[in-house]
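Input: a single structure, listed below in structure tokens.
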Number of protein chains: 2
Amino acid sequence: MSTAQETADGEMQPWAEVTPDAARRLLIAAVEAFAERGYHATTTRDIAGRAGMSPAALYIHYKTKEELLHRISRIGHDKALAIVRTAADGEGDAAGRLTDAVRSFVRWHAGQHTTARVVQYELDALGPEARAEIIALRRQTDAAVRGIIEDGVAAGDFDVPDVPGTTLAVLSLCIDVARWFNVDGPRTPDEVGGLYADLVLRMVGSKEE
Amino acid sequence: MSTAQETADGEMQPWAEVTPDAARRLLIAAVEAFAERGYHATTTRDIAGRAGMSPAALYIHYKTKEELLHRISRIGHDKALAIVRTAADGEGDAAGRLTDAVRSFVRWHAGQHTTARVVQYELDALGPEARAEIIALRRQTDAAVRGIIEDGVAAGDFDVPDVPGTTLAVLSLCIDVARWFNVDGPRTPDEVGGLYADLVLRMVGSKEE
């Protein structure tokens with residue numbers, strides 16, 4: 001059984017903002033259960049059991065299973081957006097900011113791969129309102145990366161024939177790290193981030209590459 | 001309800017090799033059910049019902065739910081490997097063969113996105129033997145793409161500091177198309193294939209780009 005802050009494979013969880021402790025334990029249990037068995041195959045009873053609590057105790061914190069997924073997805077997408085915005089708003093030229101964005105986005109998807117998989121693959125299970133909210137966050141993440149690329153093109157540092165398509169490809173490349181990343185594999189999250197930042201500079205035709 | 005050859009969103013299914021017709025209908029029903037609800041939340045009764053058959057009729061063709069997933073995954077991975085091998089074994093220089101490989105691999109992941117998602121996301125649900133067989137196919141697909149990149153480096157056409165890492169990134173980029181591709185979106189599978197082929201030539205530092 002994992003502790004409140006770390007899953008079985010040593011993945012650190014960014015759930016410090018979820019209080020009280022019982023609500024956080026339930027959220028972490030839900031992430032693990034959804035990742036292992038899928039959202040639809042998981043019951044609130046399973047989640048409560050993993051957290052060492054009764055179903056009645058779960059309902060104090062979350063009314064439905066969808067509320068748990070929505071909370072997980074919201075926190076995950078908020079974090080992804082914050083990571084990309086921090087890089088986009090940073091000092092330095094477009095190549096430096098794009099490098100920062102890719103490195104930190106990849107690190108998050110590798111280090112938090114269990115959460116990222118749930119967040120990325122179970123979007124269809126959300127109701128229309130929750131889904132619209134998450135899609136708006138994704139658009140903002142996309143816009144932050146597109147903004148860096150546009151800055152680079154405007155400054156003459158990048159050569160990008162299709163800015164929206166290249167933005168999509170850059171984000172897709174980083175997100176898919178959550179699917180294949182293996183903590184027992186040959187590369188650390190940081191090493192994958194470094195490799196990917198170099199590849200992305202090539203994709204945008206950066207003069208610095 | 002979809003026909004035997006086409007799903008609701010017009011995706012053509014490459015299941016012609018599955019006979020008799022009842023076995024093919026069940027396989028297509030399983031792909032749809034797994035994609036919608038996940039493997040663990042789907043019962044053989046659900047699959048039989050979607051195919052308009054009885055559970056008893058299903059057992060004539062497939063002994064277990066895992067056998068269905070294994071068959072789907074095997075056919076999907078065989079197809080992915082055949083696509084990449086055809087390009088790798090083609091005429092022409094490394095840039096031309098890499099372009100072919102990326103274009104056709106992307107077209108498959110976009111056009112067959114429902115199947116590709118099941119094949120890519122439900123790997124953990126396979127038993128050890130089936131999983132080992134699928135992993136061997138994935139290694140061969142990886143080796144085919146790596147071979148093209150190595151040829152390009154040897155000929156002085158490509159500049160790639162990390163061949164295994166770049167191979168991984170190229171395949172990952174193409175595979176993730178299955179996650180985000182939307183038939184109602186602005187790009188056709190062919191257009192995504194063309195965009196991605198250009199981006200991949202940049203990733204490998206191709207002189208032709």
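Chain labels follow the order of the structure tokens: the first chain is A, the next B, and so on; residue numbering restarts at 1 in every chain, and ligands are counted from 1 in their shown order.
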> For chain A against chain B, which residues fall within 7 Å using only C-alpha atoms, given as JSON, numbers by chain?
Replying inline: {"A": [37, 38, 40, 41, 172, 173, 176, 199, 202, 203]}
> Contacts of region 63-79 of chain B at 7 Å or less, counting only C-alpha atoms, minus same-chain residues fewer than 5 places along, as number ranges by chain?
Replying inline: B: 27, 44, 119, 126, 130, 134, 137
>> From a backbone DSSP assignment, name each residue in chain A labelled alpha helix (DSSP H), as a ChimeraX atom specification.
In response: /A:21-37,44-50,55-61,65-88,94-111,113-121,128-154,163-175,177-180,189-203
> Which is closer to Asn182 (chain B) than all the others in B:Ala57, B:Ile149, B:Ala110, B:Leu123, using only C-alpha atoms?
Replying inline: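 Once distances to Asn182 (chain B) are computed over only C-alpha atoms, the minimum belongs to B:Ala110.
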> Separation of CA of Arg85 (chain A) and CA of Gly147 (chain A), in Å?
Replying inline: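 Atom-to-atom, CA of Arg85 (chain A) to CA of Gly147 (chain A), that is 10.1 Å.
Take the candidates A:Thr43, A:Thr19, A:Thr115, A:Ser104 and check each one against Glu191 (chain A) using only C-alpha atoms; the shortest distance goes to A:Ser104.
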>> Show me, as JSON, numbers by chain, the residues that have an atom within 9 Å of Asp89 (chain B) when counting only C-alpha atoms, minus same-chain residues fewer than 5 positions from it.
In response: {"B": [84, 97, 144, 148]}
